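Accompanying notes for the structure given below.
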Amino acid sequence: MAAKRKLGKGLDAIFGENIDSFLDDIEKGAAEAAGNVHSELPISQIRPNPYQPRKEFDENGLKELANSIKENGVFQPILVRKSLSGYELVAGERRLRASKLAGKNEIPAIIVDFDDRQMMEISLLENIQRKDLTPIEEAGAYKQLITKLGYTQDELAKRLGKSRTNVANMLRLLSLPEKIRDMVNTGKLSYGQARTLLSLDDEGKMLALAERTVKDGLSVRELEKLTSRDKSGKKKPADRPKNSDPFTEDMEDRLRKKFSTKVEIRNKAISISYTDTEDLNRILDIMGVIEE
């Protein structure tokens, strides 16, 4: 049986080092780890989680889950907290939505005593850990945890079991033009393709290449070649003379790909461009300059 975790003593007291194991504990029946189990709660009394970062739900997946619930019921209870009127959902929105589709009036639930801060963190981290978010939604969740809960990129990376570089790269997706973010949200562009587009400075060129990628089904490698070609030729020869040394040109190209930004080797100096402090920290982390 899992050890009890007392609520109201801070986030670490709830989650320990791994929120995923905490969620597994309470959803597998260790109800005393979180609160009180109720065999069934009226679905009509449960309101959506106001901190839910997930915007897109796979309708086919929901229908499949609804069919399973019709046949077998809901195996894992959802998490809710009491509100002034009824309950607020903390975790388990897919199960709640699918239960509604299945025509159910009640759903098994665990009532937890979470404050707003704890509720926000568990709803965001649950989705991130269980890979239920699109890359853009995940990036938005990272931003909320940093801006609203005061995480640093390093603290967030450690909590999620990810590298700081990964966290920084995800956050950079939020700087993409809205149309490209929509393409990522709808699955037309992958995380790798979106990240490659970030190496361009011009939004018009980003959009043009994004549309071409979707239309022609370009791979990440093919897109990298196009972005590299665009960056290497965007300045006039008078402004940026071509290296006569093939080795130096090759090193420039390798460094651009490694750091996903503009790199120039000129006059026995290496110039690495960055867009803001977060981008600088990302590059320094890749270089191993920032201590963990």
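Residues in the structure tokens are named by chain (A, B, ... in the order shown) and by number from 1 within that chain; ligands are numbered from 1 in the order shown.
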Segment 88-97 of chain A environment, 8 Å, only C-alpha atoms, sequence neighbours closer than 6 positions dropped, as a PyMOL selection string = chain A and resi 43+46-49+57+62+65+74+77-82+107+119+122-123+126
Output for the residues just chosen: C-alpha atoms as a tab-separated table (two decimals), in the first residue's frame:
```
chain	number	residue	atom	x	y	z
A	43	ILE	CA	-21.77	14.07	-13.31
A	46	ILE	CA	-18.93	18.33	-11.66
A	47	ARG	CA	-17.63	21.46	-13.39
A	48	PRO	CA	-14.61	21.54	-15.74
A	49	ASN	CA	-11.13	22.30	-14.43
A	57	PHE	CA	-9.47	16.18	-27.55
A	62	LEU	CA	-13.34	9.72	-26.78
A	65	LEU	CA	-13.44	5.22	-24.46
A	74	VAL	CA	-15.03	3.54	-15.41
A	77	PRO	CA	-11.85	7.28	-10.54
A	78	ILE	CA	-11.46	10.91	-11.49
A	79	LEU	CA	-10.12	13.52	-9.06
A	80	VAL	CA	-12.37	16.36	-7.89
A	81	ARG	CA	-12.42	18.97	-5.16
A	82	LYS	CA	-15.45	20.38	-3.39
A	107	ILE	CA	-18.85	8.59	-12.16
A	119	MET	CA	-4.95	22.21	-8.42
A	122	ILE	CA	-1.50	18.77	-10.75
A	123	SER	CA	-3.73	19.48	-13.76
A	126	GLU	CA	-0.74	15.34	-15.20
```
Could you pull out the residues in segment 156-239 of chain A that DSSP calls helix (DSSP H, G or I) from the backbone, as an MDAnalysis selection string?
-> chainID A and resid 156:160 164:175 178:185 191:197 203:216 220:232
Long-range neighbours of Gln45 of chain A as a PyMOL selection string, 10 Å cut-off, only C-alpha atoms, 4 positions minimum in chain | chain A and resi 41+83+85-89+105-106
Using N, CA and C atoms, can you export the residues from the last selection as a tab-separated table (two decimals), in the first residue's frame?
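Result file is selection_1.tsv:
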```tsv
chain	number	residue	atom	x	y	z
A	41	LEU	N	-20.30	9.91	-8.05
A	41	LEU	CA	-20.74	11.29	-7.88
A	41	LEU	C	-21.58	11.67	-9.09
A	83	SER	N	-16.50	22.39	-4.18
A	83	SER	CA	-16.63	23.82	-4.42
A	83	SER	C	-17.87	24.31	-3.68
A	85	SER	N	-20.63	25.03	-4.85
A	85	SER	CA	-21.79	24.32	-5.37
A	85	SER	C	-21.31	23.13	-6.20
A	86	GLY	N	-21.36	21.97	-5.61
A	86	GLY	CA	-20.93	20.78	-6.34
A	86	GLY	C	-19.43	20.55	-6.24
A	87	TYR	N	-18.81	20.20	-7.40
A	87	TYR	CA	-17.40	19.83	-7.42
A	87	TYR	C	-16.71	20.43	-8.64
A	88	GLU	N	-15.40	20.60	-8.54
A	88	GLU	CA	-14.57	21.01	-9.67
A	88	GLU	C	-13.65	19.85	-10.03
A	89	LEU	N	-13.52	19.56	-11.31
A	89	LEU	CA	-12.65	18.51	-11.78
A	89	LEU	C	-11.19	18.92	-11.57
A	105	ASN	N	-24.81	8.94	-15.74
A	105	ASN	CA	-25.23	10.03	-14.87
A	105	ASN	C	-24.29	10.21	-13.68
A	106	GLU	N	-23.52	9.16	-13.38
A	106	GLU	CA	-22.60	9.22	-12.25
A	106	GLU	C	-21.24	8.69	-12.66
```
Skipping near chain neighbours, those fewer than 3 positions away, what residues fall within 8 Å of Tyr142 of chain A using only C-alpha atoms, listed as a ChimeraX atom specification?
-> /A:138-139,145-146,156,167,171
Pick from A:Arg181, A:Arg229, A:Arg212, A:Lys100, whichever lies nearest to Lys257 of chain A using only C-alpha atoms | A:Arg229
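Take atom CA of Leu124 of chain A and atom CA of Ser163 of chain A: the distance between them is 17.9 Å.
Put simply, atom CA of Glu59 of chain A is 22.1 Å away from atom CA of Gly140 of chain A.
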Could you give me, as a count of residues only, each residue of segment 34-153 of chain A that DSSP assigns to strand (DSSP E or B) when run on this structure's backbone?
-> 27
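You can rank A:Asp250, A:Met183, A:Thr213, A:Arg172 by their closest distance to Leu280 of chain A using only C-alpha atoms, and at the top of that list sits A:Arg172.
Shortest atom-to-atom contact with Arg164 of chain A among A:Ile69, A:Arg117, A:Val220, A:Thr152: A:Thr152, counting only C-alpha atoms.
Using only C-alpha atoms, the shortest contact distance between Pro177 of chain A and any of A:Val214, A:Ala269, A:Ala194, A:Val112 is found at A:Ala194.
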Counting only C-alpha atoms, what is within 12 Å of Pro246 of chain A, bar same-chain residues fewer than 6 positions away, as a ChimeraX atom specification?
-> /A:252-253,265
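Candidate residues A:Met170, A:Asn72, A:Thr186, A:Leu84 were compared for distance to Lys104 of chain A, and the nearest is A:Asn72, using only C-alpha atoms.
Among the candidates A:Asn169, A:Gly187, A:Gly103, A:Tyr151, the residue lying nearest to Thr134 of chain A is A:Gly187 (atoms considered: only C-alpha atoms).
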